[in-house]
Amino acid sequence: LGVPTWSRGGIICTGESYKDKVKLTFMRGRDLDDPDGLFNVPAIGVRRAVDLRDGDTLGTVALRALIRRAVAANLTGPS
């Protein structure tokens, strides 16, 4: 069944569901500015993640901007 993966010019992020959260892992998260403070999981190499738990809110404008930065990073080439 696998892990949902979003890509454009490379993997943008993956989405994983756990018993207590949903995790969005951005493959080049370390390369991305995060002015809205969405990343709430310590970096693992170049990856950073957002954990969402029941009751959490996530601004769609901030998430959309983060995704756009991830796409731009992929399209500009290796970090």
# chains A, B, ... in the order shown; residues from 1 in each chain; ligands from 1
>>> closest_atom_pairs(of="stretch 4-40 of chain A", to="stretch 44-54 of chain A", cutoff="10 Å", atoms="only C-alpha atoms", output="JSON lines")
{"residue": "A:Cys13", "atom": "CA", "partner": "A:Ala49", "partner_atom": "CA", "distance": 8.8}
{"residue": "A:Thr14", "atom": "CA", "partner": "A:Ala49", "partner_atom": "CA", "distance": 9.3}
{"residue": "A:Gly15", "atom": "CA", "partner": "A:Val50", "partner_atom": "CA", "distance": 9.7}
{"residue": "A:Glu16", "atom": "CA", "partner": "A:Asp51", "partner_atom": "CA", "distance": 9.5}
{"residue": "A:Ser17", "atom": "CA", "partner": "A:Leu52", "partner_atom": "CA", "distance": 9.6}
{"residue": "A:Tyr18", "atom": "CA", "partner": "A:Arg53", "partner_atom": "CA", "distance": 9.6}
{"residue": "A:Lys19", "atom": "CA", "partner": "A:Arg53", "partner_atom": "CA", "distance": 9.6}
{"residue": "A:Asp20", "atom": "CA", "partner": "A:Arg53", "partner_atom": "CA", "distance": 6.3}
{"residue": "A:Lys21", "atom": "CA", "partner": "A:Arg53", "partner_atom": "CA", "distance": 4.5}
{"residue": "A:Val22", "atom": "CA", "partner": "A:Leu52", "partner_atom": "CA", "distance": 5.2}
{"residue": "A:Lys23", "atom": "CA", "partner": "A:Asp51", "partner_atom": "CA", "distance": 4.5}
{"residue": "A:Leu24", "atom": "CA", "partner": "A:Val50", "partner_atom": "CA", "distance": 5.2}
{"residue": "A:Thr25", "atom": "CA", "partner": "A:Ala49", "partner_atom": "CA", "distance": 4.2}
{"residue": "A:Phe26", "atom": "CA", "partner": "A:Arg48", "partner_atom": "CA", "distance": 5.5}
{"residue": "A:Met27", "atom": "CA", "partner": "A:Arg47", "partner_atom": "CA", "distance": 4.7}
{"residue": "A:Arg28", "atom": "CA", "partner": "A:Arg47", "partner_atom": "CA", "distance": 5.4}
{"residue": "A:Gly29", "atom": "CA", "partner": "A:Arg48", "partner_atom": "CA", "distance": 4.6}
{"residue": "A:Arg30", "atom": "CA", "partner": "A:Val46", "partner_atom": "CA", "distance": 5.0}
{"residue": "A:Asp31", "atom": "CA", "partner": "A:Val46", "partner_atom": "CA", "distance": 7.4}
{"residue": "A:Leu32", "atom": "CA", "partner": "A:Arg48", "partner_atom": "CA", "distance": 9.2}
{"residue": "A:Gly37", "atom": "CA", "partner": "A:Val50", "partner_atom": "CA", "distance": 9.5}
{"residue": "A:Leu38", "atom": "CA", "partner": "A:Val50", "partner_atom": "CA", "distance": 6.2}
{"residue": "A:Phe39", "atom": "CA", "partner": "A:Val50", "partner_atom": "CA", "distance": 4.8}
{"residue": "A:Asn40", "atom": "CA", "partner": "A:Val50", "partner_atom": "CA", "distance": 5.4}
>>> select_by_dssp(residues="chain A", states="helix (DSSP H, G or I)", output="PyMOL selection string")
chain A and resi 29-31+60-76
>>> select_by_dssp(residues="chain A", states="strand (DSSP E)", output="list in words")
Thr5, Trp6, Ser7, Ile11, Ile12, Cys13, Thr14, Gly15, Glu16, Ser17, Val22, Lys23, Leu24, Thr25, Phe26, Val41, Pro42, Ala43, Ile44, Arg47, Arg48, Ala49, Val50, Asp51 and Leu52 of chain A
>>> write_last_selection(atoms="C-alpha atoms", output="compact mmCIF listing (two decimals), in the first residue's frame")
# COMPACT_ATOMS: atom_id res chain seq x y z
CA THR A 5 4.33 10.83 -1.82
CA TRP A 6 4.02 14.22 -3.50
CA SER A 7 6.62 15.23 -6.07
CA ILE A 11 10.04 14.28 -3.88
CA ILE A 12 8.44 17.25 -2.10
CA CYS A 13 7.14 15.37 0.92
CA THR A 14 5.65 12.15 2.17
CA GLY A 15 2.65 11.67 4.42
CA GLU A 16 2.58 8.98 7.06
CA SER A 17 -0.24 8.15 9.44
CA VAL A 22 0.06 12.41 10.78
CA LYS A 23 3.63 13.24 9.74
CA LEU A 24 4.52 15.31 6.67
CA THR A 25 8.22 14.79 5.94
CA PHE A 26 9.89 17.22 3.55
CA VAL A 41 10.25 17.69 14.51
CA PRO A 42 14.06 17.75 14.84
CA ALA A 43 15.88 17.48 11.52
CA ILE A 44 17.07 14.08 10.35
CA ARG A 47 14.78 16.09 6.12
CA ARG A 48 12.45 18.01 8.41
CA ALA A 49 8.88 17.20 9.34
CA VAL A 50 5.58 18.53 10.58
CA ASP A 51 3.68 16.32 13.05
CA LEU A 52 -0.06 16.96 13.21
>>> closest_residue(among="A:Pro4, A:Gly77, A:Gly10, A:Pro35", to="A:Ala65", atoms="only C-alpha atoms")
A:Pro35
>>> closest_residue(among="A:Asp36, A:Ala73, A:Val3, A:Gly9", to="A:Gly59", atoms="only C-alpha atoms")
A:Asp36
>>> atom_distance(atom1="atom CA of A:Thr76", atom2="atom CA of A:Val61")
22.6 Å
